[in-house]
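Structure, as structure tokens:
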Amino acid sequence: MYQITSIIMQGNSIKGAFVCERLPHFKRLGQTIILFMIATLVSLNCLAQLRPVGDVNAIVEKGTAHIVFTTSGGPVVSVSFMSADVIRVRIAPSGKFEPDHSYAFAPDHRSTRINGRINERPNEIELVSSDGVRVVIKRRPFQIEIYDADNRAVLKDDPRRPVLFDAESGEVQTTKLRQSELETYYGFGEKAFLEMSRNGKHIVNWNTDTFSYPVGTDPIYQSIPFFYALYDGKTYGLFLNNTYRTVFDMGKTSTSRYTFGAEGGELDYFVFVGGQGRSPQKVLKDYTALTGRTPLPPIWALGNQQSRWSYFPEKRVKEIAAGYRNNKIPADVIYLDIDYMDDYRVFTWDKERFPDPKRMISELRKDGFRTVLIIDPGIKVDPNYHTYAEGRRLGMFVKNPDGSELQRDVWPKASAFPDYTDPKARDWFGEQYKMHLEEGVAGFWNDMNEPGVFMTAETEKPEIFHHPAKTFPYDTPHVGDGLKGDHRRYHNVYGMLMTRSTFEGLKKLSPHTRPFVLTRAGFAGVQRYSAVWTGDNYASWDHLAMTIPMLANMSVSGVPFVGADVGGFNDMPSGELYARWLQAAVLTPFLRSHSVGWVGNKEPWEYGNEFTEINRRTVELRYKMLPYLYTLFKKHEEDGSPLMRPMWYEFPNEKALYLNNDQFMVGSDLMVAPVVKEGMRTRGIYLPAGAEWIDWWTGEKYESGKIHYLQTPLDMLPLFIRVGAVVPTQDVVQHTGEMPSSKITLNIAAGIKPDQTRVSKLYQDAGEGYGYKSGEWSEVVVTHIAGKLLIERKGRYSGQSIGSIAVHGVAERPKNILVDGKVTEFSYTADKKRVEFSVPSNVREVALVR
């Protein structure tokens with residue numbers, strides 16, 4: 001007799017090889033009997049195998065832009081146009097769709113009514129949008145192909161690998177053909193890869209507490225199952241709307257295809273065609289229309305922020321504040337980590353370390369500092385602790401399958417956890433912030449919300465990095481806003497729903513103040529509630545280098561307010577590493593230094609006088625650029641545009657940039673090329689051919705479309721401005737509270753061609769509150785044509801006034817400068833190729849006469 005030890009399955013048929021071992025006292029069986037044994041084994045013991053959806057069966061619903069049909073394998077399928085170039089595909093393995101509820105969707109998202117058409121043919125069904133985008137559904141077997149309005153293929157199912165599902169386990173997956181082995185992929189949110197491109201990667205989405213994660217660790221803290229595909233200048237995007245553990249094989253197993261799927265739920269995905277031009281900008285605009293955009297943050301949240309695990313007692317906090325002011329290094333925020341609490345009880349204070357928190361916070365505020373507190377989800381089990389006792393009485397905490405309270409060890413030891421999938425628990429937790437708001441706390445930092453829990457002596461060994469005991473048991477039940485499910489389903493949204501609870505609670509408690517929330521864990525849509533940082537990184541050069549692809553990919557994954565712990569959270573950086581890290585981070589959207597407490601002091605003045613001066617000038621650059629950064633945040637709120645952009649996003653037709661890992665754009669007008677290697681004093685910088693570029697510091701104009709090897713001394717961040725751009729800056733301030741008295745400088749990049757026009761904007765409002773939604777805003781619109789600026793003002797808010805203009809890249813001293821038709825005095829700095837002059841606040845026209 002022969003024993004079957006290996007079977008290779010595809011769908012419900014047996015493919016490839018099988019291996020048999022001979023049992024010594026039986027004769028060889030015939031092939032027919034072996035095949036019968038295989039079939040029997042499959043039918044009896046391999047019921048949990050993936051099988052294909054099968055053929056299109058019966059159409060049960062259709063309209064001008066959508067169709068629903070059953071399949072021979074059992075699942076039901078829906079295909080619809082959400083807008084003229086956004087397609088949604090839903091495949092329900094159970095044969096019945098669940099309620100159309102998603103935590104990823106913005107509450108105000110809506111489908112556009114499409115006047116499309118459906119063409120039914122013997123072998124296929126075709127949906128055509130009003131813009132000419134086509135979805136072709138093959139009937140036998142079920143397959144999907146998508147074509148853009150110019151009949152170029154966007155996406156095709158792999159006919160050899162149909163949609164597969166397992167009705168018993170809930171697993172579902174699909175495989176798509178790559179347009180080429182040179183098709184590249186980006187996005188996926190927060191991934192700890194050194195490369196900007198995600199092609200050839202095997203990606204897992206399962207939020208995990210990964211302290212001091214090595215390069216390449218996956219998954220880590222965030223799960224955003226959204227990506228871009230880019231080939232030959234054309235882009236599309238794909239979002240898998242599924243909160244279970246999801247897996248994406250982006251050409252790693254096979255170079256001709258990619259596969260994605262989930263451990264449960266529906267295969268519910270959106271394809272963003274990218275408009276007529278197949279642009280990444282249109283993809284992101286449509287994706288953020290679905291999942292939401294970050295509300296305009298308070299201006300102080302754009303300032304420099306300082307944290308440590310932990311600053312205590314009050315005296316030490318005051319020393320940090322004094323260190324910034326005495327060293328003239330601008331800063332706006334000081335964080336208090338878990339040691340401000342009474343034995344790690346959230347919403348309490350250790351009154352020995354902080355005897356009068358309200359007074360301390362007020363005194364810091366007078367010195368220009370806001371205070372941000374950490375708040376974890378774990379609530380100490382203590383019947384004498386009000387927050388725990390009330391939460392238990394009201395039934396706010398996660399329960400075990402038997403109905404008892406789930407308790408796990410975190411910082412306070414045994415703790416209970418709010419079920420943030422329950423709207424009553426979200427409301428209750430949000431109310432807990434009342435005391436801290438009344439004390440004057442300005443913002444909150446949600447940590448440990450993957451959710452992460454501690455392993456104990458009883459935890460099964462070995463304690464691997466992604467140990468299942470680092471979170472709740474998989475069978476833990478959740479309310480799910482009425483769609484009950486276990487932790488397998490709701491794990492990845494737990495952190496985002498905590499930030500939602502925090503954000504919405506703060507808005508209710510202080511409706512005229514813009515909330516500031518920072519989170520470690522999140523899911524698609526987290527940008528609606530919170531800024532994000534990349535967790536507990538490490539003080540090393542490779543971690544510094546990794547921040548650029550991590551943050552840039554987060555930014556184009558719909559999450560614009562992102563940053564990494566400057567200097568590395570764990571271990572001690574050298575003075576050079578800290579200085580270069582600060583330079584690389586200074587124009588990223590979120591700027592914070594954070595550190596463990598056991599390696600010594602890591603504030604920017606702790607590395608000696610030379611580095612203190614370098615770090616001061618670096619942070620001053622941040623504060624000069626705040627008007628530009630704030631304007632970019634407003635643009636994001638309007639259309640989803642990211643502040644920090646990978647090079648391929650801004651220049652999708654420039655293939656030399658597809659794999660660029662160490663440069664990025666800030667908006668459309670500034671390009672940053674940080675130094676991310678130890679000892680480097682010269683680096684190669686590629687200047688895209690799609691624009692012309694001027695060195696911000698020297699005024700030198702360089703040829704585009706090639707690599708330039710430029711000097712990069714320790715005190716310089718390589719920074720370039722696009723020719724024709726107008727970038728607003730301000731005088732140096734020590735904190736954002738000083739901004740109203742600081743004058744604006746319009747920085748002009750000279751050299752625009754006679755047939756070109758560039759329009760730039762400066763947005764202003766109070767920097768706090770919601771007056772801007774009722775007309776309390778202003779906008780300066782600057783039109784740049786060859787040799788001339790036209791300046792127009794809109795809105796009624798009286799903001800910072802324009803005080804001067806600096807023209808970069810002027811090779812020779814001009815003859816005259818005309819301001820509103822009158823000759824004005826100016827200075828010309830030859831070695832910087834810069835012209836500078838003052839202007840009246842109501843200036844309307846400037847001309848440069850050569």
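Starting from 1 in every chain, residues are counted up; chains themselves are A, B, ... following the order of the structure tokens, and ligands are numbered from 1 as listed.
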Can you build me a table of segment 65-154 of chain A residues sitting at most 12 Å from segment 493-517 of chain A, with the closest atom pair per residue and its distance in Å to one decimal, using only C-alpha atoms, sorted by chain and residue number, as JSON lines?
```
{"residue": "A:Ser102", "atom": "CA", "partner": "A:Val493", "partner_atom": "CA", "distance": 10.2}
{"residue": "A:Tyr103", "atom": "CA", "partner": "A:Val493", "partner_atom": "CA", "distance": 7.5}
{"residue": "A:Ala104", "atom": "CA", "partner": "A:Val493", "partner_atom": "CA", "distance": 8.7}
{"residue": "A:Ala106", "atom": "CA", "partner": "A:Arg500", "partner_atom": "CA", "distance": 11.8}
```
Could the residues in this selection be saved with N, CA, C and O atoms as an mmCIF file, in the first residue's frame?
```
data_model
loop_
_atom_site.group_PDB
_atom_site.id
_atom_site.type_symbol
_atom_site.label_atom_id
_atom_site.label_comp_id
_atom_site.auth_asym_id
_atom_site.auth_seq_id
_atom_site.Cartn_x
_atom_site.Cartn_y
_atom_site.Cartn_z
ATOM 1 N N SER A 102 -18.275 50.152 6.747
ATOM 2 C CA SER A 102 -16.818 50.042 6.802
ATOM 3 C C SER A 102 -16.267 51.158 7.668
ATOM 4 O O SER A 102 -16.601 52.330 7.478
ATOM 5 N N TYR A 103 -15.396 50.804 8.610
ATOM 6 C CA TYR A 103 -14.733 51.814 9.420
ATOM 7 C C TYR A 103 -13.773 52.655 8.587
ATOM 8 O O TYR A 103 -13.379 53.753 8.994
ATOM 9 N N ALA A 104 -13.380 52.153 7.416
ATOM 10 C CA ALA A 104 -12.460 52.912 6.566
ATOM 11 C C ALA A 104 -13.145 54.074 5.867
ATOM 12 O O ALA A 104 -12.491 55.048 5.510
ATOM 13 N N ALA A 106 -15.158 57.407 5.032
ATOM 14 C CA ALA A 106 -15.518 58.676 5.646
ATOM 15 C C ALA A 106 -17.034 58.759 5.770
ATOM 16 O O ALA A 106 -17.759 58.308 4.872
#
```
Near segment 196-200 of chain A, within 9 Å and counting only C-alpha atoms, which residues show up once chain neighbours fewer than 4 positions away are dropped, as a compact mmCIF listing (two decimals) with all heavy atoms, in the first residue's frame?
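Saved to part_1.txt:
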```txt
# COMPACT_ATOMS: atom_id res chain seq x y z
N LEU A 182 8.34 45.10 -14.85
CA LEU A 182 8.83 46.42 -14.46
C LEU A 182 7.74 47.27 -13.83
O LEU A 182 7.99 48.44 -13.50
CB LEU A 182 9.42 47.14 -15.67
CG LEU A 182 10.57 46.42 -16.38
CD1 LEU A 182 11.10 47.26 -17.53
CD2 LEU A 182 11.70 46.10 -15.40
N GLU A 183 6.54 46.74 -13.69
CA GLU A 183 5.49 47.46 -12.98
C GLU A 183 5.90 47.57 -11.51
O GLU A 183 6.30 46.58 -10.88
CB GLU A 183 4.16 46.72 -13.11
CG GLU A 183 2.99 47.43 -12.47
CD GLU A 183 1.68 46.71 -12.74
OE1 GLU A 183 1.48 45.61 -12.18
OE2 GLU A 183 0.86 47.24 -13.52
N THR A 184 5.81 48.77 -10.96
CA THR A 184 6.24 49.01 -9.59
C THR A 184 5.04 49.37 -8.72
O THR A 184 4.03 49.87 -9.22
CB THR A 184 7.29 50.13 -9.52
OG1 THR A 184 6.81 51.26 -10.24
CG2 THR A 184 8.61 49.69 -10.10
N TYR A 185 5.17 49.14 -7.41
CA TYR A 185 4.06 49.32 -6.47
C TYR A 185 4.51 50.18 -5.29
O TYR A 185 5.66 50.11 -4.85
CB TYR A 185 3.56 47.97 -5.97
CG TYR A 185 3.23 47.02 -7.09
CD1 TYR A 185 4.09 45.96 -7.41
CD2 TYR A 185 2.10 47.20 -7.87
CE1 TYR A 185 3.80 45.11 -8.47
CE2 TYR A 185 1.80 46.36 -8.93
CZ TYR A 185 2.66 45.31 -9.22
OH TYR A 185 2.38 44.48 -10.27
N TYR A 186 3.57 50.97 -4.80
CA TYR A 186 3.86 51.90 -3.72
C TYR A 186 2.65 51.98 -2.79
O TYR A 186 1.57 51.50 -3.10
CB TYR A 186 4.16 53.30 -4.28
CG TYR A 186 5.18 53.31 -5.38
CD1 TYR A 186 4.79 53.24 -6.72
CD2 TYR A 186 6.54 53.37 -5.10
CE1 TYR A 186 5.72 53.24 -7.74
CE2 TYR A 186 7.48 53.36 -6.11
CZ TYR A 186 7.07 53.29 -7.44
OH TYR A 186 8.00 53.28 -8.44
N GLY A 187 2.85 52.63 -1.67
CA GLY A 187 1.75 52.78 -0.72
C GLY A 187 1.86 51.75 0.38
O GLY A 187 2.91 51.54 0.98
N PHE A 188 0.72 51.11 0.71
CA PHE A 188 0.61 50.14 1.81
C PHE A 188 0.88 50.78 3.17
O PHE A 188 1.13 50.08 4.15
CB PHE A 188 1.55 48.94 1.61
CG PHE A 188 1.12 48.01 0.51
CD1 PHE A 188 1.86 47.90 -0.66
CD2 PHE A 188 -0.03 47.25 0.64
CE1 PHE A 188 1.47 47.04 -1.68
CE2 PHE A 188 -0.42 46.38 -0.38
CZ PHE A 188 0.33 46.28 -1.54
N PHE A 227 -2.71 50.40 -2.37
CA PHE A 227 -1.44 50.56 -3.08
C PHE A 227 -1.67 51.17 -4.46
O PHE A 227 -2.78 51.22 -4.98
CB PHE A 227 -0.71 49.22 -3.21
CG PHE A 227 -1.35 48.23 -4.14
CD1 PHE A 227 -1.04 48.22 -5.49
CD2 PHE A 227 -2.25 47.29 -3.66
CE1 PHE A 227 -1.62 47.29 -6.36
CE2 PHE A 227 -2.84 46.36 -4.51
CZ PHE A 227 -2.52 46.37 -5.87
N ASP A 249 1.00 39.50 -2.02
CA ASP A 249 2.23 39.00 -2.64
C ASP A 249 2.43 39.80 -3.92
O ASP A 249 1.82 39.52 -4.95
CB ASP A 249 2.09 37.50 -2.94
CG ASP A 249 3.36 36.89 -3.51
OD1 ASP A 249 4.16 37.62 -4.12
OD2 ASP A 249 3.55 35.67 -3.36
N MET A 250 3.29 40.81 -3.86
CA MET A 250 3.43 41.76 -4.97
C MET A 250 4.53 41.33 -5.93
O MET A 250 5.52 42.02 -6.15
CB MET A 250 3.69 43.16 -4.42
CG MET A 250 2.65 43.65 -3.42
SD MET A 250 0.94 43.50 -4.03
CE MET A 250 0.94 44.65 -5.38
N GLY A 251 4.34 40.15 -6.52
CA GLY A 251 5.30 39.64 -7.48
C GLY A 251 6.47 38.92 -6.85
O GLY A 251 7.46 38.64 -7.53
N LYS A 252 6.37 38.59 -5.56
CA LYS A 252 7.48 37.88 -4.92
C LYS A 252 7.51 36.41 -5.33
O LYS A 252 8.56 35.87 -5.69
CB LYS A 252 7.37 37.98 -3.40
CG LYS A 252 8.53 37.32 -2.65
CD LYS A 252 8.41 37.53 -1.16
CE LYS A 252 9.57 36.88 -0.40
NZ LYS A 252 10.86 37.51 -0.70
N THR A 253 6.35 35.76 -5.30
CA THR A 253 6.28 34.35 -5.66
C THR A 253 6.40 34.14 -7.16
O THR A 253 7.04 33.21 -7.63
CB THR A 253 4.96 33.74 -5.14
OG1 THR A 253 4.89 33.91 -3.73
CG2 THR A 253 4.88 32.27 -5.47
N SER A 254 5.77 35.03 -7.91
CA SER A 254 5.84 34.96 -9.37
C SER A 254 5.98 36.36 -9.92
O SER A 254 5.25 37.26 -9.51
CB SER A 254 4.57 34.31 -9.94
OG SER A 254 4.52 34.45 -11.35
N THR A 255 6.87 36.54 -10.86
CA THR A 255 7.09 37.88 -11.42
C THR A 255 5.99 38.30 -12.38
O THR A 255 5.95 39.46 -12.79
CB THR A 255 8.44 37.93 -12.16
OG1 THR A 255 8.46 36.92 -13.18
CG2 THR A 255 9.59 37.71 -11.18
N MET A 546 15.46 54.74 6.32
CA MET A 546 14.15 54.12 6.14
C MET A 546 13.00 55.10 6.37
O MET A 546 11.89 54.89 5.87
CB MET A 546 14.03 52.92 7.08
CG MET A 546 12.84 52.03 6.83
SD MET A 546 13.00 50.45 7.70
CE MET A 546 13.03 50.98 9.42
N ILE A 548 12.44 57.91 5.09
CA ILE A 548 11.97 58.57 3.86
C ILE A 548 10.96 57.71 3.11
O ILE A 548 9.84 58.15 2.85
CB ILE A 548 13.16 58.99 2.98
CG1 ILE A 548 14.00 60.03 3.72
CG2 ILE A 548 12.67 59.56 1.65
CD1 ILE A 548 15.29 60.41 3.02
N PRO A 549 11.29 56.44 2.75
CA PRO A 549 10.24 55.63 2.11
C PRO A 549 9.06 55.34 3.02
O PRO A 549 7.92 55.25 2.54
CB PRO A 549 10.98 54.35 1.70
CG PRO A 549 12.25 54.34 2.48
CD PRO A 549 12.61 55.76 2.74
N MET A 550 9.29 55.20 4.33
CA MET A 550 8.16 54.94 5.23
C MET A 550 7.19 56.11 5.24
O MET A 550 5.97 55.94 5.05
CB MET A 550 8.66 54.67 6.65
CG MET A 550 9.28 53.32 6.87
SD MET A 550 9.74 53.03 8.61
CE MET A 550 8.15 52.61 9.32
N ALA A 552 7.01 58.78 3.19
CA ALA A 552 6.48 59.15 1.87
C ALA A 552 5.37 58.20 1.44
O ALA A 552 4.35 58.64 0.88
CB ALA A 552 7.61 59.16 0.84
N ASN A 553 5.54 56.92 1.69
CA ASN A 553 4.47 55.97 1.34
C ASN A 553 3.25 56.13 2.24
O ASN A 553 2.12 55.96 1.79
CB ASN A 553 5.01 54.53 1.40
CG ASN A 553 5.70 54.12 0.12
OD1 ASN A 553 5.07 54.02 -0.94
ND2 ASN A 553 7.00 53.88 0.19
N PRO A 646 6.66 61.21 -2.46
CA PRO A 646 7.76 60.50 -3.13
C PRO A 646 7.97 61.10 -4.51
O PRO A 646 7.06 61.68 -5.10
CB PRO A 646 7.28 59.06 -3.19
CG PRO A 646 5.81 59.11 -3.00
CD PRO A 646 5.49 60.34 -2.23
N TYR A 658 11.52 56.07 -10.25
CA TYR A 658 10.63 55.04 -9.74
C TYR A 658 11.22 54.32 -8.53
O TYR A 658 10.47 53.84 -7.67
CB TYR A 658 10.31 54.01 -10.83
CG TYR A 658 9.34 54.49 -11.90
CD1 TYR A 658 8.97 55.83 -12.00
CD2 TYR A 658 8.82 53.60 -12.83
CE1 TYR A 658 8.10 56.25 -12.98
CE2 TYR A 658 7.94 54.02 -13.81
CZ TYR A 658 7.59 55.35 -13.90
OH TYR A 658 6.71 55.77 -14.87
N LEU A 659 12.53 54.23 -8.48
CA LEU A 659 13.19 53.51 -7.38
C LEU A 659 13.98 54.44 -6.48
O LEU A 659 14.83 53.99 -5.71
CB LEU A 659 14.10 52.41 -7.94
CG LEU A 659 13.42 51.39 -8.86
CD1 LEU A 659 14.45 50.36 -9.34
CD2 LEU A 659 12.27 50.70 -8.17
N ASN A 660 13.72 55.74 -6.58
CA ASN A 660 14.43 56.70 -5.74
C ASN A 660 13.97 56.57 -4.30
O ASN A 660 12.78 56.69 -3.99
CB ASN A 660 14.18 58.12 -6.25
CG ASN A 660 14.97 59.16 -5.49
OD1 ASN A 660 14.64 59.49 -4.36
ND2 ASN A 660 16.02 59.67 -6.11
N ASN A 661 14.94 56.36 -3.39
CA ASN A 661 14.62 56.09 -1.99
C ASN A 661 14.98 57.21 -1.03
O ASN A 661 14.56 57.17 0.13
CB ASN A 661 15.36 54.83 -1.52
CG ASN A 661 15.07 53.62 -2.37
OD1 ASN A 661 13.93 53.38 -2.73
ND2 ASN A 661 16.10 52.86 -2.68
N ASP A 662 15.77 58.19 -1.48
CA ASP A 662 16.36 59.13 -0.51
C ASP A 662 16.15 60.59 -0.86
O ASP A 662 16.89 61.46 -0.41
CB ASP A 662 17.85 58.83 -0.34
CG ASP A 662 18.64 58.96 -1.63
OD1 ASP A 662 18.04 59.27 -2.68
OD2 ASP A 662 19.87 58.75 -1.59
```
Subject >> Neighbour list for segment 133-150 of chain A as a PyMOL selection string, cut-off 10 Å, only C-alpha atoms, skip fewer than 6 positions in-chain >> reply: chain A and resi 52-57+71-72+77+79-81+84-87+89+116-127+156-159+161-163+174+176+236+271+273-278
Could you please take those selected residues and save N, CA and C atoms as a CSV table (one decimal), in the first residue's frame?
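This went into result06.csv:
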```
chain,number,residue,atom,x,y,z
A,52,PRO,N,-12.5,27.5,-6.4
A,52,PRO,CA,-12.8,28.7,-7.2
A,52,PRO,C,-14.3,29.1,-7.1
A,53,VAL,N,-14.5,30.4,-7.4
A,53,VAL,CA,-15.8,31.0,-7.4
A,53,VAL,C,-16.7,30.3,-8.5
A,54,GLY,N,-16.0,30.0,-9.6
A,54,GLY,CA,-16.8,29.3,-10.7
A,54,GLY,C,-17.2,30.2,-11.8
A,55,ASP,N,-18.3,29.9,-12.4
A,55,ASP,CA,-18.9,30.6,-13.5
A,55,ASP,C,-19.9,31.6,-13.0
A,56,VAL,N,-20.1,32.7,-13.8
A,56,VAL,CA,-21.3,33.6,-13.6
A,56,VAL,C,-22.5,32.8,-13.8
A,57,ASN,N,-23.4,32.8,-12.8
A,57,ASN,CA,-24.6,32.1,-12.9
A,57,ASN,C,-25.8,32.9,-13.3
A,71,THR,N,-22.8,32.9,-8.5
A,71,THR,CA,-21.8,32.1,-9.2
A,71,THR,C,-22.1,30.6,-9.0
A,72,SER,N,-21.5,29.8,-9.8
A,72,SER,CA,-21.7,28.3,-9.7
A,72,SER,C,-21.0,27.8,-8.4
A,77,VAL,N,-21.6,38.1,-6.2
A,77,VAL,CA,-20.6,39.1,-6.7
A,77,VAL,C,-21.4,40.4,-7.1
A,79,VAL,N,-20.5,44.2,-8.9
A,79,VAL,CA,-19.5,45.1,-9.6
A,79,VAL,C,-20.3,46.4,-9.8
A,80,SER,N,-19.6,47.5,-9.4
A,80,SER,CA,-20.3,48.8,-9.6
A,80,SER,C,-19.3,49.9,-9.8
A,81,PHE,N,-19.8,50.9,-10.5
A,81,PHE,CA,-19.0,52.2,-10.6
A,81,PHE,C,-19.4,53.1,-9.4
A,84,ALA,N,-17.1,57.8,-12.1
A,84,ALA,CA,-16.8,57.5,-13.5
A,84,ALA,C,-15.5,56.7,-13.7
A,85,ASP,N,-14.6,56.7,-12.7
A,85,ASP,CA,-13.4,55.9,-12.9
A,85,ASP,C,-13.0,55.3,-11.6
A,86,VAL,N,-13.9,55.0,-10.7
A,86,VAL,CA,-13.7,54.2,-9.5
A,86,VAL,C,-14.6,53.0,-9.5
A,87,ILE,N,-14.1,51.8,-9.5
A,87,ILE,CA,-14.9,50.6,-9.6
A,87,ILE,C,-14.8,49.8,-8.3
A,89,VAL,N,-15.6,46.1,-6.5
A,89,VAL,CA,-15.9,44.7,-6.7
A,89,VAL,C,-16.1,44.1,-5.3
A,116,GLY,N,-24.1,55.2,-16.9
A,116,GLY,CA,-23.4,54.2,-17.7
A,116,GLY,C,-24.3,53.3,-18.4
A,117,ARG,N,-23.8,52.2,-18.9
A,117,ARG,CA,-24.6,51.2,-19.6
A,117,ARG,C,-24.0,49.8,-19.4
A,118,ILE,N,-24.9,48.8,-19.6
A,118,ILE,CA,-24.5,47.5,-19.5
A,118,ILE,C,-24.7,46.8,-20.8
A,119,ASN,N,-23.7,46.1,-21.3
A,119,ASN,CA,-23.8,45.3,-22.5
A,119,ASN,C,-23.7,43.8,-22.2
A,120,GLU,N,-24.7,43.0,-22.4
A,120,GLU,CA,-24.6,41.6,-22.2
A,120,GLU,C,-24.4,40.8,-23.4
A,121,ARG,N,-23.4,39.9,-23.4
A,121,ARG,CA,-23.0,39.1,-24.5
A,121,ARG,C,-22.9,37.7,-24.0
A,122,PRO,N,-22.9,36.7,-25.0
A,122,PRO,CA,-22.9,35.3,-24.5
A,122,PRO,C,-21.8,34.9,-23.6
A,123,ASN,N,-20.6,35.5,-23.8
A,123,ASN,CA,-19.4,35.1,-23.0
A,123,ASN,C,-18.9,36.1,-22.0
A,124,GLU,N,-19.6,37.3,-22.0
A,124,GLU,CA,-19.1,38.3,-21.1
A,124,GLU,C,-20.2,39.4,-20.9
A,125,ILE,N,-20.0,40.1,-19.8
A,125,ILE,CA,-20.9,41.3,-19.5
A,125,ILE,C,-20.0,42.5,-19.4
A,126,GLU,N,-20.4,43.6,-20.0
A,126,GLU,CA,-19.6,44.8,-20.0
A,126,GLU,C,-20.3,45.9,-19.4
A,127,LEU,N,-19.6,46.6,-18.4
A,127,LEU,CA,-20.1,47.8,-17.8
A,127,LEU,C,-19.3,49.0,-18.3
A,156,LYS,N,-6.3,43.1,-14.8
A,156,LYS,CA,-6.9,41.8,-15.3
A,156,LYS,C,-6.7,40.7,-14.3
A,157,ASP,N,-7.7,39.9,-14.1
A,157,ASP,CA,-7.6,38.7,-13.4
A,157,ASP,C,-6.7,37.7,-14.1
A,158,ASP,N,-5.9,36.9,-13.4
A,158,ASP,CA,-5.1,35.9,-14.0
A,158,ASP,C,-6.1,34.7,-14.3
A,159,PRO,N,-6.3,34.4,-15.6
A,159,PRO,CA,-7.2,33.3,-15.9
A,159,PRO,C,-6.8,31.9,-15.4
A,161,ARG,N,-5.5,31.5,-12.4
A,161,ARG,CA,-5.7,31.5,-11.0
A,161,ARG,C,-6.9,32.2,-10.6
A,162,PRO,N,-8.1,31.6,-10.7
A,162,PRO,CA,-9.3,32.3,-10.5
A,162,PRO,C,-9.5,32.8,-9.0
A,163,VAL,N,-10.5,33.6,-8.8
A,163,VAL,CA,-10.8,34.0,-7.4
A,163,VAL,C,-11.1,32.7,-6.6
A,174,THR,N,-7.5,36.6,-4.5
A,174,THR,CA,-7.6,36.8,-6.0
A,174,THR,C,-6.2,37.1,-6.5
A,176,LYS,N,-4.0,38.9,-9.8
A,176,LYS,CA,-4.0,39.8,-10.9
A,176,LYS,C,-2.7,39.7,-11.7
A,236,TYR,N,-2.6,53.2,-11.4
A,236,TYR,CA,-4.0,52.9,-10.9
A,236,TYR,C,-3.8,52.6,-9.4
A,271,VAL,N,-11.0,49.8,-7.3
A,271,VAL,CA,-9.9,50.1,-8.2
A,271,VAL,C,-10.1,51.6,-8.6
A,273,VAL,N,-8.9,54.2,-11.2
A,273,VAL,CA,-8.3,54.2,-12.5
A,273,VAL,C,-7.4,55.4,-12.7
A,274,GLY,N,-7.7,56.5,-12.0
A,274,GLY,CA,-6.8,57.7,-12.1
A,274,GLY,C,-7.1,58.7,-13.1
A,275,GLY,N,-8.4,58.7,-13.6
A,275,GLY,CA,-8.8,59.7,-14.5
A,275,GLY,C,-8.2,59.6,-15.9
A,276,GLN,N,-8.4,60.6,-16.7
A,276,GLN,CA,-8.0,60.5,-18.1
A,276,GLN,C,-6.5,60.3,-18.2
A,277,GLY,N,-5.8,61.0,-17.3
A,277,GLY,CA,-4.3,60.9,-17.4
A,277,GLY,C,-3.7,59.8,-16.6
A,278,ARG,N,-4.6,58.9,-15.9
A,278,ARG,CA,-4.1,57.8,-15.1
A,278,ARG,C,-3.0,58.3,-14.1
```
**OP:** Can you pull out every residue within 9 Å of segment 583-598 of chain A, counting only C-alpha atoms, but drop anything in the same chain fewer than 4 positions away, and send it as a ChimeraX atom specification?
**Re:** /A:301-311,333,335,531-533,536,544-545,547-548,551,560-572,578-579,602-604,615,618-619,621-622,625,629,633,643-644,666,672-676,715-717
Original post:
Between A:Trp541, A:His467, A:Gly264, A:Lys366, which has the minimum distance to Asp486 of chain A (counting only C-alpha atoms)?
Top reply: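 Among A:Trp541, A:His467, A:Gly264, A:Lys366, it is A:Gly264 that comes nearest to Asp486 of chain A.
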